[in-house]
>>> print(open('entry_28.cif').read())   # mmCIF, C-alpha atoms
data_query
#
loop_
_atom_site.label_atom_id
_atom_site.label_comp_id
_atom_site.auth_asym_id
_atom_site.auth_seq_id
_atom_site.Cartn_x
_atom_site.Cartn_y
_atom_site.Cartn_z
CA MET A 1 0.00 0.00 0.00
CA LYS A 2 1.22 3.51 -0.81
CA GLN A 3 2.59 5.72 1.97
CA ASP A 4 -0.02 8.47 1.62
CA TRP A 5 -2.90 6.01 1.93
CA GLU A 6 -4.82 5.63 5.20
CA ILE A 7 -6.64 2.70 6.76
CA LYS A 8 -10.13 3.63 7.91
CA LYS A 9 -13.07 1.69 9.27
CA LEU A 10 -16.21 1.71 7.16
CA SER A 11 -17.96 3.54 9.99
CA ASP A 12 -15.63 6.48 9.24
CA VAL A 13 -16.76 6.82 5.63
CA ILE A 14 -20.39 5.60 5.31
CA GLU A 15 -23.64 7.42 5.97
CA GLU A 16 -26.92 5.54 6.36
CA ASN A 17 -30.05 6.56 4.50
CA ASN A 18 -33.34 6.35 6.39
CA LYS A 19 -34.65 2.86 7.02
CA SER A 20 -37.29 1.89 4.50
CA THR A 21 -40.87 1.11 5.50
CA ILE A 22 -41.76 -0.27 2.06
CA LYS A 23 -42.31 -4.03 1.92
CA SER A 24 -41.22 -6.11 -1.05
CA LYS A 25 -44.81 -7.07 -1.97
CA GLY A 26 -47.87 -5.03 -2.87
CA ASN A 27 -46.26 -2.27 -4.95
CA SER A 28 -47.45 -0.96 -8.30
CA GLU A 29 -45.11 -1.38 -11.27
CA GLY A 30 -43.19 1.69 -12.34
CA ILE A 31 -39.86 3.05 -13.57
CA TYR A 32 -37.80 3.23 -10.38
CA PRO A 33 -35.49 0.31 -9.48
CA PHE A 34 -36.63 -1.32 -6.23
CA TYR A 35 -33.93 -3.27 -4.39
CA ILE A 36 -35.34 -6.17 -2.38
CA SER A 37 -32.81 -8.79 -1.33
CA GLY A 38 -29.72 -10.39 -2.81
CA LYS A 39 -29.73 -9.95 -6.60
CA ASN A 40 -33.45 -9.21 -6.74
CA ILE A 41 -34.63 -5.96 -8.34
CA LYS A 42 -38.15 -4.86 -9.27
CA PHE A 43 -39.41 -1.61 -10.76
CA ILE A 44 -42.10 0.34 -8.92
CA ASN A 45 -43.78 3.77 -9.09
CA ARG A 46 -42.14 5.40 -6.05
CA SER A 47 -38.63 6.37 -4.97
CA LEU A 48 -36.90 7.04 -1.65
CA VAL A 49 -33.44 8.27 -2.67
CA ASP A 50 -31.76 10.13 -5.49
CA GLY A 51 -28.14 10.39 -6.63
CA SER A 52 -25.48 7.73 -6.03
CA ASN A 53 -26.39 5.07 -3.46
CA ILE A 54 -25.32 1.58 -2.47
CA PHE A 55 -27.88 -1.06 -1.55
CA LEU A 56 -27.05 -4.10 0.56
CA PRO A 57 -29.41 -6.92 1.59
CA THR A 58 -29.73 -7.35 5.36
CA GLY A 59 -30.74 -10.99 5.09
CA GLY A 60 -30.32 -14.02 2.85
CA ASN A 61 -27.36 -13.79 0.47
CA PHE A 62 -24.96 -10.86 0.25
CA PHE A 63 -24.94 -8.86 -2.97
CA VAL A 64 -23.78 -5.30 -3.72
CA HIS A 65 -25.85 -2.88 -5.81
CA PHE A 66 -24.80 0.58 -6.98
CA TYR A 67 -27.23 2.95 -8.64
CA ASN A 68 -27.07 6.64 -9.58
CA GLY A 69 -30.55 8.12 -9.84
CA LYS A 70 -33.95 7.87 -8.20
CA ALA A 71 -34.43 4.47 -6.59
CA CYS A 72 -36.29 2.61 -3.87
CA TYR A 73 -35.42 -0.13 -1.41
CA SER A 74 -37.39 -2.49 0.80
CA THR A 75 -37.42 -3.08 4.54
CA ASP A 76 -34.85 -5.89 4.13
CA THR A 77 -32.32 -3.66 2.33
CA TRP A 78 -29.71 -1.27 3.74
CA SER A 79 -29.08 1.93 1.78
CA LEU A 80 -25.76 3.78 2.16
CA LYS A 81 -23.91 6.86 0.95
CA THR A 82 -20.37 8.00 1.71
CA ASN A 83 -19.17 11.19 3.35
CA SER A 84 -16.55 13.59 2.00
CA LYS A 85 -13.69 11.20 2.84
CA ALA A 86 -14.63 8.56 0.27
CA ASP A 87 -15.87 8.45 -3.31
CA ILE A 88 -19.01 6.27 -3.31
CA LYS A 89 -18.00 4.39 -6.45
CA TYR A 90 -14.61 3.65 -4.83
CA PHE A 91 -16.53 2.27 -1.83
CA TYR A 92 -18.71 0.19 -4.17
CA TYR A 93 -15.68 -1.36 -5.89
CA PHE A 94 -14.18 -2.16 -2.48
CA LEU A 95 -17.37 -4.02 -1.49
CA LEU A 96 -17.39 -5.77 -4.86
CA LEU A 97 -13.84 -7.03 -4.23
CA ASN A 98 -14.84 -8.34 -0.78
CA GLU A 99 -18.34 -9.52 -1.69
CA GLU A 100 -17.72 -13.21 -1.02
CA LEU A 101 -15.77 -12.60 2.22
CA ILE A 102 -18.45 -10.26 3.60
CA GLY A 103 -21.17 -12.77 2.79
CA LEU A 104 -19.34 -15.51 4.66
CA LYS A 105 -18.07 -13.52 7.64
CA TYR A 106 -20.73 -10.90 8.34
CA PHE A 107 -23.93 -12.77 7.54
CA LYS A 108 -24.79 -14.84 10.60
CA GLY A 109 -27.77 -16.72 11.94
CA ALA A 110 -28.93 -20.23 12.79
CA THR A 111 -31.74 -20.41 10.21
CA ILE A 112 -31.97 -17.19 8.19
CA LYS A 113 -28.68 -15.29 8.00
CA HIS A 114 -28.64 -11.55 8.61
CA LEU A 115 -26.02 -8.87 8.04
CA GLN A 116 -24.31 -7.92 11.30
CA LYS A 117 -24.17 -4.17 10.76
CA LYS A 118 -21.96 -3.43 13.78
CA ASP A 119 -19.30 -5.90 12.64
CA PHE A 120 -19.67 -4.72 9.07
CA LYS A 121 -18.89 -1.14 10.08
CA ASP A 122 -15.62 -2.32 11.64
CA ILE A 123 -14.29 -3.55 8.27
CA GLU A 124 -11.14 -1.67 7.31
CA ILE A 125 -10.79 0.05 3.93
CA PRO A 126 -7.57 1.39 2.36
CA LEU A 127 -8.22 5.04 1.60
CA PRO A 128 -6.03 7.10 -0.75
CA PRO A 129 -6.60 10.86 -1.15
CA LEU A 130 -9.98 11.65 -2.71
CA LEU A 131 -8.57 12.68 -6.10
CA GLU A 132 -6.66 9.41 -6.32
CA GLN A 133 -9.82 7.50 -5.39
CA GLN A 134 -11.62 9.18 -8.27
CA TYR A 135 -8.75 8.37 -10.64
CA ILE A 136 -8.85 4.70 -9.57
CA VAL A 137 -12.62 4.69 -10.16
CA SER A 138 -12.17 6.10 -13.67
CA ILE A 139 -9.72 3.31 -14.53
CA LEU A 140 -11.99 0.63 -13.05
CA ASP A 141 -15.04 2.02 -14.85
CA GLU A 142 -13.30 1.84 -18.21
CA ALA A 143 -11.75 -1.57 -17.56
CA PHE A 144 -15.04 -3.05 -16.31
CA ALA A 145 -16.95 -1.68 -19.31
CA ALA A 146 -14.43 -3.35 -21.63
CA ILE A 147 -14.63 -6.62 -19.65
CA ALA A 148 -18.44 -6.55 -19.72
CA LYS A 149 -18.42 -6.05 -23.49
CA ALA A 150 -15.89 -8.86 -24.03
CA LYS A 151 -17.83 -11.16 -21.70
CA ALA A 152 -21.11 -10.42 -23.49
CA ASN A 153 -19.46 -11.26 -26.84
CA ALA A 154 -18.04 -14.52 -25.44
CA GLU A 155 -21.41 -15.48 -23.95
CA GLN A 156 -23.16 -14.76 -27.25
CA ASN A 157 -20.59 -16.87 -29.12
CA LEU A 158 -21.19 -19.65 -26.60
CA LYS A 159 -24.94 -19.46 -27.25
CA ASN A 160 -24.36 -19.43 -31.01
CA ALA A 161 -22.19 -22.56 -30.82
CA LYS A 162 -24.88 -24.41 -28.86
CA TYR A 163 -27.62 -23.17 -31.18
CA LEU A 164 -25.72 -24.34 -34.26
CA PHE A 165 -25.69 -27.94 -33.05
CA LYS A 166 -29.26 -27.79 -31.81
CA SER A 167 -30.58 -26.40 -35.08
CA TYR A 168 -28.75 -29.09 -37.05
CA LEU A 169 -30.31 -31.77 -34.84
CA GLN A 170 -33.76 -30.35 -35.47
CA GLU A 171 -33.24 -30.43 -39.23
CA VAL A 172 -32.02 -34.04 -39.14
CA PHE A 173 -35.00 -35.40 -37.24
CA LYS A 174 -37.54 -33.34 -39.16
CA GLU A 175 -36.66 -35.03 -42.44
CA GLY A 176 -36.72 -38.75 -41.59
CA PRO A 177 -38.18 -40.86 -44.46
CA ILE A 178 -40.16 -43.27 -42.23
CA ASN A 179 -43.40 -42.46 -40.40
CA THR A 180 -43.47 -44.51 -37.20
CA THR A 181 -43.87 -44.21 -33.42
CA ILE A 182 -41.32 -44.16 -30.63
CA GLY A 183 -42.62 -47.48 -29.29
CA GLU A 184 -42.14 -49.16 -32.69
CA GLN A 185 -38.44 -48.18 -32.66
CA VAL A 186 -37.36 -48.50 -29.00
CA LEU A 187 -38.64 -49.93 -25.74
CA LEU A 188 -38.40 -47.66 -22.74
CA GLN A 189 -38.13 -49.12 -19.24
CA ARG A 190 -38.36 -47.47 -15.84
CA GLY A 191 -35.14 -47.45 -13.79
CA PHE A 192 -34.39 -49.32 -10.57
CA ASP A 193 -34.83 -47.85 -7.13
CA ILE A 194 -31.76 -47.62 -4.91
CA THR A 195 -31.07 -45.33 -1.96
CA LYS A 196 -27.72 -43.76 -1.06
CA GLU A 197 -27.59 -46.05 1.97
CA GLN A 198 -28.00 -49.15 -0.22
CA GLN A 199 -25.13 -48.18 -2.53
CA LYS A 200 -21.75 -49.78 -1.94
CA ASN A 201 -18.40 -48.42 -3.06
CA GLY A 202 -17.70 -49.28 -6.69
CA ASN A 203 -17.12 -47.82 -10.15
CA ILE A 204 -20.58 -48.36 -11.65
CA PRO A 205 -22.32 -45.03 -12.28
CA VAL A 206 -25.78 -44.57 -10.82
CA VAL A 207 -27.61 -42.35 -13.31
CA SER A 208 -30.44 -40.26 -11.90
CA SER A 209 -32.60 -37.73 -13.75
CA GLY A 210 -29.93 -35.09 -13.11
CA GLY A 211 -26.99 -37.21 -14.22
CA ILE A 212 -24.33 -39.30 -12.49
CA LYS A 213 -24.47 -38.42 -8.80
CA SER A 214 -22.90 -41.52 -7.24
CA TYR A 215 -21.33 -44.94 -7.91
CA HIS A 216 -22.21 -48.51 -6.92
CA GLU A 217 -20.55 -51.93 -7.11
CA LYS A 218 -23.24 -53.51 -9.29
CA ALA A 219 -24.58 -52.69 -12.76
CA MET A 220 -28.16 -53.32 -13.84
CA VAL A 221 -27.72 -52.52 -17.56
CA GLN A 222 -24.91 -53.21 -20.02
CA ALA A 223 -23.47 -50.45 -22.20
CA PRO A 224 -24.07 -48.70 -24.48
CA GLY A 225 -26.98 -47.04 -22.77
CA VAL A 226 -29.39 -44.16 -23.22
CA VAL A 227 -31.02 -42.76 -20.08
CA ILE A 228 -33.76 -40.10 -19.94
CA GLY A 229 -34.84 -38.15 -16.87
CA ARG A 230 -38.45 -39.06 -16.08
CA LYS A 231 -38.94 -37.44 -12.66
CA GLY A 232 -37.56 -34.20 -11.29
CA THR A 233 -35.24 -33.13 -14.11
CA LEU A 234 -37.52 -34.03 -17.00
CA GLY A 235 -36.16 -35.07 -20.38
CA LYS A 236 -32.42 -34.70 -19.78
CA VAL A 237 -30.63 -37.36 -21.85
CA PHE A 238 -27.40 -39.25 -21.12
CA PHE A 239 -25.33 -41.63 -23.21
CA LEU A 240 -23.41 -44.29 -21.28
CA GLU A 241 -20.38 -46.08 -22.73
CA CYS A 242 -19.91 -48.26 -19.64
CA ASP A 243 -22.28 -50.54 -17.72
CA PHE A 244 -24.54 -48.59 -15.38
CA TRP A 245 -27.42 -48.49 -12.91
CA PRO A 246 -30.38 -46.37 -14.16
CA HIS A 247 -32.09 -44.84 -11.15
CA ASP A 248 -35.83 -45.04 -10.54
CA THR A 249 -36.09 -41.35 -11.53
CA THR A 250 -35.17 -42.25 -15.14
CA LEU A 251 -36.29 -44.20 -18.18
CA TRP A 252 -33.71 -46.27 -20.09
CA ILE A 253 -33.73 -47.99 -23.46
CA LYS A 254 -34.32 -51.68 -22.82
CA ASP A 255 -34.55 -52.66 -26.49
CA TYR A 256 -33.06 -50.68 -29.41
CA LYS A 257 -34.79 -52.92 -31.95
CA GLN A 258 -31.69 -52.94 -34.21
CA ASN A 259 -31.36 -49.15 -34.13
CA ASN A 260 -28.03 -47.44 -33.52
CA PRO A 261 -27.83 -46.55 -29.76
CA LYS A 262 -26.01 -43.28 -30.43
CA PHE A 263 -28.66 -42.35 -33.02
CA VAL A 264 -31.34 -43.02 -30.39
CA TYR A 265 -29.43 -40.79 -27.97
CA TYR A 266 -29.36 -37.93 -30.48
CA PHE A 267 -33.06 -38.42 -31.21
CA PHE A 268 -34.04 -38.02 -27.56
CA THR A 269 -31.59 -35.13 -27.14
CA ASN A 270 -33.61 -33.32 -29.79
CA PHE A 271 -37.02 -34.55 -28.63
CA ASP A 272 -39.01 -32.32 -26.26
CA VAL A 273 -40.76 -34.53 -23.70
CA LYS A 274 -42.13 -31.70 -21.55
CA PRO A 275 -45.54 -31.59 -23.30
CA PHE A 276 -45.99 -35.21 -22.16
CA ASP A 277 -45.48 -34.44 -18.46
CA SER A 278 -47.94 -36.61 -16.53
CA GLY A 279 -47.05 -35.26 -13.09
CA THR A 280 -49.11 -32.93 -10.93
CA ALA A 281 -46.98 -31.28 -8.25
CA ASN A 282 -43.73 -32.82 -9.52
CA PRO A 283 -42.82 -33.31 -13.21
CA ALA A 284 -43.02 -36.95 -14.36
CA LEU A 285 -42.71 -38.86 -17.62
CA ASN A 286 -44.71 -42.02 -18.24
CA ARG A 287 -43.25 -44.40 -20.84
CA ASN A 288 -46.74 -45.55 -21.82
CA GLN A 289 -47.49 -42.01 -22.97
CA VAL A 290 -44.19 -41.75 -24.84
CA HIS A 291 -44.36 -45.00 -26.84
CA PRO A 292 -47.38 -44.02 -29.03
CA ILE A 293 -45.92 -40.65 -30.07
CA PRO A 294 -45.64 -40.39 -33.91
CA ILE A 295 -42.16 -39.53 -35.24
CA ARG A 296 -40.03 -39.45 -38.42
CA TRP A 297 -37.24 -42.07 -38.52
CA TYR A 298 -34.28 -43.33 -40.55
CA LEU A 299 -33.22 -46.81 -41.62
CA PRO A 300 -30.35 -48.37 -39.59
CA LYS A 301 -27.92 -48.07 -42.55
CA GLN A 302 -28.68 -44.31 -42.75
CA GLN A 303 -28.30 -43.89 -38.99
CA GLN A 304 -24.57 -44.67 -39.01
CA THR A 305 -23.84 -41.82 -41.45
CA ILE A 306 -25.97 -39.42 -39.44
CA VAL A 307 -24.26 -40.42 -36.17
CA HIS A 308 -20.84 -39.81 -37.74
CA GLN A 309 -21.92 -36.35 -38.92
CA LEU A 310 -23.43 -35.47 -35.55
CA ASP A 311 -20.40 -36.77 -33.62
CA THR A 312 -18.11 -34.63 -35.77
CA LEU A 313 -20.25 -31.52 -35.36
CA GLN A 314 -20.69 -32.10 -31.64
CA ALA A 315 -16.91 -32.43 -31.16
CA LYS A 316 -16.35 -29.13 -32.96
CA THR A 317 -19.15 -27.49 -30.99
CA GLN A 318 -17.75 -28.71 -27.66
CA LYS A 319 -14.31 -27.42 -28.62
CA LEU A 320 -15.78 -23.99 -29.38
CA GLU A 321 -17.80 -24.06 -26.16
CA ALA A 322 -14.65 -24.85 -24.16
CA ILE A 323 -12.82 -21.92 -25.80
CA TYR A 324 -15.62 -19.44 -25.07
CA GLN A 325 -16.17 -20.77 -21.54
CA LYS A 326 -12.47 -20.40 -20.81
CA LYS A 327 -12.60 -16.85 -22.19
CA ILE A 328 -15.46 -16.03 -19.81
CA GLU A 329 -13.55 -17.52 -16.86
CA ASN A 330 -10.39 -15.60 -17.79
CA LEU A 331 -12.35 -12.34 -17.96
CA GLU A 332 -13.78 -12.96 -14.50
CA GLU A 333 -10.27 -13.66 -13.16
CA LEU A 334 -9.02 -10.47 -14.81
CA ARG A 335 -11.85 -8.55 -13.17
CA LYS A 336 -10.84 -9.88 -9.73
CA SER A 337 -7.16 -9.22 -10.39
CA ILE A 338 -7.81 -5.60 -11.39
CA LEU A 339 -9.88 -5.03 -8.26
CA GLN A 340 -7.20 -6.53 -6.02
CA LYS A 341 -4.52 -4.30 -7.54
CA ALA A 342 -6.73 -1.23 -7.18
CA PHE A 343 -6.84 -1.47 -3.38
CA VAL A 344 -3.11 -1.97 -2.82
CA GLY A 345 -2.05 0.88 -5.08
CA GLU A 346 -0.80 -1.29 -7.95
CA LEU A 347 -3.40 -0.46 -10.58
CA LYS A 348 -1.97 0.56 -13.95
CA THR A 349 -3.53 3.07 -16.28
CA GLU A 350 -6.45 1.92 -18.40
CA LYS A 351 -4.16 1.76 -21.45
CA ASP A 352 -1.97 -0.87 -19.73
CA ILE A 353 -4.88 -3.23 -18.93
CA LYS A 354 -5.16 -5.98 -21.52
CA ILE A 355 -8.75 -7.14 -22.05
#
>>> encode(input="entry_28.cif", output="structure tokens")
Amino acid sequence: MKQDWEIKKLSDVIEENNKSTIKSKGNSEGIYPFYISGKNIKFINRSLVDGSNIFLPTGGNFFVHFYNGKACYSTDTWSLKTNSKADIKYFYYFLLLNEELIGLKYFKGATIKHLQKKDFKDIEIPLPPLLEQQYIVSILDEAFAAIAKAKANAEQNLKNAKYLFKSYLQEVFKEGPINTTIGEQVLLQRGFDITKEQQKNGNIPVVSSGGIKSYHEKAMVQAPGVVIGRKGTLGKVFFLECDFWPHDTTLWIKDYKQNNPKFVYYFFTNFDVKPFDSGTANPALNRNQVHPIPIRWYLPKQQQTIVHQLDTLQAKTQKLEAIYQKKIENLEELRKSILQKAFVGELKTEKDIKI
């Protein structure tokens, strides 16, 4: 930390706005942001504050909001300004850097966690002269804007990569030359019930509707396998290249009827089972309702070519997804790194920050 910087407690720099009397429910929609709890924001027709303010939830999960303009906040939200010693945006970036730590250390409670304001006010903040604070904020604003733009581009590219594969799947299974039903091509079977307590250490995956959550010593089905979520996580599809135990919350293909298993997997990956939900309170998929569904299909000799094409495209798609996902992760790490440097006096000018 630089020599002309001071260490102050947050109580030395923050000023509290009046406590809100507005509850999170029962408000008319409007144009003013209404901060409720955590990440939650509504828009209502009344405001309590104007100018630059910080909003912190007093219960649940910690999350920092900054807003410049007319805004409102609920009874479970704490609204703060800063005095002449600290730039409010500098204070916001400091909270952003320490968001996770504050959530863990200063939110306490046996059932519902609440922000311990007294302890929170004792947090120490490195405080350079006001002009330097404002210079740091200008650098962070520009860097964060560039990071947000780069992250949005990477996220859009990630969506595009996923959409490309999905759209190709849809085209493939829309054009099948054979009119048939699902039950004429495959036989679905409900999985086998097993509790966590009944499972013994082994290397056999137990596949539930959400995927592989545990392992057991015994397999109920030989690979290759196709498993579909039938209860809870409805319609999620998994392809197994090793022997496995399909959980009671799934359906699995008992008989492929000479069809290519990987082709069947791609078919169900594309097929939307949600309209056939037979559950009431909880989503559920009944195989007897799935079997009669009319579909378009391909001959087994055509399926091999299609599988090869889909495997190739999927591999390329997954490679692109990995690149874009890594880009997003790197941008988030850069964001954290820039924040850390800002509060020890090591932040470079905006021109030296590589996005």
>>> residues_around(input="entry_28.cif", residues="range 327-341 of chain A", least_positions_apart="3", cutoff="10 Å", atoms="only C-alpha atoms", output="number ranges by chain")
A: 1, 93-94, 96-98, 136, 139-140, 143-144, 146-148, 150-155, 158, 321-324, 344-348, 353-355
>>> closest_residue(input="entry_28.cif", among="A:Gly210, A:Gly51, A:Pro129, A:Gly59", to="Ser37 in chain A", atoms="all atoms listed in the file")
A:Gly59
>>> residues_around(input="entry_28.cif", residues="His216 in chain A", least_positions_apart="5", cutoff="9 Å", atoms="only C-alpha atoms", output="list in words")
Gln198, Gln199, Lys200, Asn201, Gly202, Asn203, Ile204, Pro205, Val206, Phe244 and Trp245 of chain A
>>> residues_near_point(input="entry_28.cif", point="(-39.8, -10.7, 0.6)", cutoff="8 Å", atoms="all atoms listed in the file", output="ChimeraX atom specification")
/A:23-25,36-37,76
>>> residues_near_point(input="entry_28.cif", point="(-37.4, -45.9, -18.3)", cutoff="6 Å", atoms="only C-alpha atoms", output="PyMOL selection string")
chain A and resi 188-191+250-252
>>> atom_distance(input="entry_28.cif", atom1="CA of Gly235 in chain A", atom2="CA of Glu175 in chain A")
22.1 Å
>>> residues_around(input="entry_28.cif", residues="range 166-171 of chain A", least_positions_apart="5", cutoff="8 Å", atoms="all atoms listed in the file", output="ChimeraX atom specification")
/A:266,270,310
>>> resolve_selection(input="entry_28.cif", expression="the PyMOL selection byres ((chain A and resi 226) around 7)", output="PyMOL selection string")
chain A and resi 225+227-228+238-240+252-253+265
>>> atom_distance(input="entry_28.cif", atom1="CA of Phe34 in chain A", atom2="CA of Asn18 in chain A")
15.1 Å
>>> residues_around(input="entry_28.cif", residues="Lys113 in chain A", least_positions_apart="6", cutoff="10 Å", atoms="all atoms listed in the file", output="list of chain:residue names")
A:Thr58, A:Gly59, A:Gly60, A:Asn61, A:Phe62, A:Gly103, A:Leu104, A:Tyr106, A:Phe107
>>> write_last_selection(input="entry_28.cif", atoms="C-alpha atoms", output="short mmCIF file (atom, residue, chain, number, x, y, z; two decimals), in the coordinates of the input")
data_model
loop_
_atom_site.label_atom_id
_atom_site.label_comp_id
_atom_site.auth_asym_id
_atom_site.auth_seq_id
_atom_site.Cartn_x
_atom_site.Cartn_y
_atom_site.Cartn_z
CA THR A 58 -29.73 -7.35 5.36
CA GLY A 59 -30.74 -10.99 5.09
CA GLY A 60 -30.32 -14.02 2.85
CA ASN A 61 -27.36 -13.79 0.47
CA PHE A 62 -24.96 -10.86 0.25
CA GLY A 103 -21.17 -12.77 2.79
CA LEU A 104 -19.34 -15.51 4.66
CA TYR A 106 -20.73 -10.90 8.34
CA PHE A 107 -23.93 -12.77 7.54
#
>>> atom_distance(input="entry_28.cif", atom1="CA of Lys81 in chain A", atom2="CA of Asp119 in chain A")
17.9 Å
>>> closest_residue(input="entry_28.cif", among="A:Ile22, A:Ser28, A:Lys105, A:Lys121", to="Lys8 in chain A", atoms="all atoms listed in the file")
A:Lys121
>>> closest_residue(input="entry_28.cif", among="A:Ala86, A:Ile306, A:Val64, A:Leu10", to="Lys117 in chain A", atoms="only C-alpha atoms")
A:Leu10
>>> closest_residue(input="entry_28.cif", among="A:Thr233, A:Thr180, A:Gln302, A:Thr249", to="Ser208 in chain A", atoms="only C-alpha atoms")
A:Thr249
>>> resolve_selection(input="entry_28.cif", expression="the PyMOL selection byres ((chain A and resi 176) around 10)", output="number ranges by chain")
A: 171-175, 177-180, 295-299, 302
>>> resolve_selection(input="entry_28.cif", expression="the PyMOL selection byres ((chain A and resi 14) around 8)", output="PyMOL selection string")
chain A and resi 10-13+15-16+80-83
>>> write_last_selection(input="entry_28.cif", atoms="C-alpha atoms", output="PDB file, keeping the file's coordinate frame")
ATOM      1  CA  LEU A  10     -16.210   1.710   7.160  1.00  0.00           C
ATOM      2  CA  SER A  11     -17.960   3.540   9.990  1.00  0.00           C
ATOM      3  CA  ASP A  12     -15.630   6.480   9.240  1.00  0.00           C
ATOM      4  CA  VAL A  13     -16.760   6.820   5.630  1.00  0.00           C
ATOM      5  CA  GLU A  15     -23.640   7.420   5.970  1.00  0.00           C
ATOM      6  CA  GLU A  16     -26.920   5.540   6.360  1.00  0.00           C
ATOM      7  CA  LEU A  80     -25.760   3.780   2.160  1.00  0.00           C
ATOM      8  CA  LYS A  81     -23.910   6.860   0.950  1.00  0.00           C
ATOM      9  CA  THR A  82     -20.370   8.000   1.710  1.00  0.00           C
ATOM     10  CA  ASN A  83     -19.170  11.190   3.350  1.00  0.00           C
TER      11      ASN A  83
END
>>> closest_residue(input="entry_28.cif", among="A:Asn40, A:Ser20, A:Thr317, A:Gln185", to="Lys254 in chain A", atoms="all atoms listed in the file")
A:Gln185
>>> closest_residue(input="entry_28.cif", among="A:Ser74, A:Ser209, A:Thr111, A:Thr21", to="Ala284 in chain A", atoms="only C-alpha atoms")
A:Ser209
>>> residues_around(input="entry_28.cif", residues="Pro126 in chain A", least_positions_apart="6", cutoff="7 Å", atoms="only C-alpha atoms", output="list of chain:residue names")
A:Trp5, A:Glu6, A:Ile7, A:Lys8, A:Phe343
>>> write_last_selection(input="entry_28.cif", atoms="C-alpha atoms", output="PDB file, in the frame of the given file")
ATOM      1  CA  TRP A   5      -2.900   6.010   1.930  1.00  0.00           C
ATOM      2  CA  GLU A   6      -4.820   5.630   5.200  1.00  0.00           C
ATOM      3  CA  ILE A   7      -6.640   2.700   6.760  1.00  0.00           C
ATOM      4  CA  LYS A   8     -10.130   3.630   7.910  1.00  0.00           C
ATOM      5  CA  PHE A 343      -6.840  -1.470  -3.380  1.00  0.00           C
TER       6      PHE A 343
END
>>> build_atoms(input="entry_28.cif", residues="range 71-83 of chain A", atoms="N, CA and C atoms", output="PDB file, in the coordinates of the input")
ATOM      1  N   ALA A  71     -34.277   5.905  -6.831  1.00  0.00           N
ATOM      2  CA  ALA A  71     -34.430   4.470  -6.590  1.00  0.00           C
ATOM      3  C   ALA A  71     -35.191   4.250  -5.287  1.00  0.00           C
ATOM      4  N   CYS A  72     -35.568   2.997  -5.066  1.00  0.00           N
ATOM      5  CA  CYS A  72     -36.290   2.610  -3.870  1.00  0.00           C
ATOM      6  C   CYS A  72     -35.674   1.343  -3.301  1.00  0.00           C
ATOM      7  N   TYR A  73     -35.951   1.080  -2.037  1.00  0.00           N
ATOM      8  CA  TYR A  73     -35.420  -0.130  -1.410  1.00  0.00           C
ATOM      9  C   TYR A  73     -36.397  -0.601  -0.338  1.00  0.00           C
ATOM     10  N   SER A  74     -36.396  -1.897  -0.097  1.00  0.00           N
ATOM     11  CA  SER A  74     -37.390  -2.490   0.800  1.00  0.00           C
ATOM     12  C   SER A  74     -36.892  -2.507   2.241  1.00  0.00           C
ATOM     13  N   THR A  75     -37.739  -3.005   3.114  1.00  0.00           N
ATOM     14  CA  THR A  75     -37.420  -3.080   4.540  1.00  0.00           C
ATOM     15  C   THR A  75     -36.247  -4.017   4.823  1.00  0.00           C
ATOM     16  N   ASP A  76     -35.960  -4.938   3.901  1.00  0.00           N
ATOM     17  CA  ASP A  76     -34.850  -5.890   4.130  1.00  0.00           C
ATOM     18  C   ASP A  76     -33.583  -5.472   3.386  1.00  0.00           C
ATOM     19  N   THR A  77     -33.484  -4.173   3.058  1.00  0.00           N
ATOM     20  CA  THR A  77     -32.320  -3.660   2.330  1.00  0.00           C
ATOM     21  C   THR A  77     -31.744  -2.449   3.068  1.00  0.00           C
ATOM     22  N   TRP A  78     -30.429  -2.361   3.081  1.00  0.00           N
ATOM     23  CA  TRP A  78     -29.710  -1.270   3.740  1.00  0.00           C
ATOM     24  C   TRP A  78     -29.175  -0.339   2.662  1.00  0.00           C
ATOM     25  N   SER A  79     -29.501   0.955   2.771  1.00  0.00           N
ATOM     26  CA  SER A  79     -29.080   1.930   1.780  1.00  0.00           C
ATOM     27  C   SER A  79     -28.021   2.849   2.373  1.00  0.00           C
ATOM     28  N   LEU A  80     -26.902   3.028   1.646  1.00  0.00           N
ATOM     29  CA  LEU A  80     -25.760   3.780   2.160  1.00  0.00           C
ATOM     30  C   LEU A  80     -25.270   4.815   1.155  1.00  0.00           C
ATOM     31  N   LYS A  81     -24.705   5.891   1.697  1.00  0.00           N
ATOM     32  CA  LYS A  81     -23.910   6.860   0.950  1.00  0.00           C
ATOM     33  C   LYS A  81     -22.533   6.904   1.591  1.00  0.00           C
ATOM     34  N   THR A  82     -21.658   7.754   1.057  1.00  0.00           N
ATOM     35  CA  THR A  82     -20.370   8.000   1.710  1.00  0.00           C
ATOM     36  C   THR A  82     -20.252   9.483   2.019  1.00  0.00           C
ATOM     37  N   ASN A  83     -19.408   9.790   3.017  1.00  0.00           N
ATOM     38  CA  ASN A  83     -19.170  11.190   3.350  1.00  0.00           C
ATOM     39  C   ASN A  83     -18.048  11.746   2.477  1.00  0.00           C
TER      40      ASN A  83
END
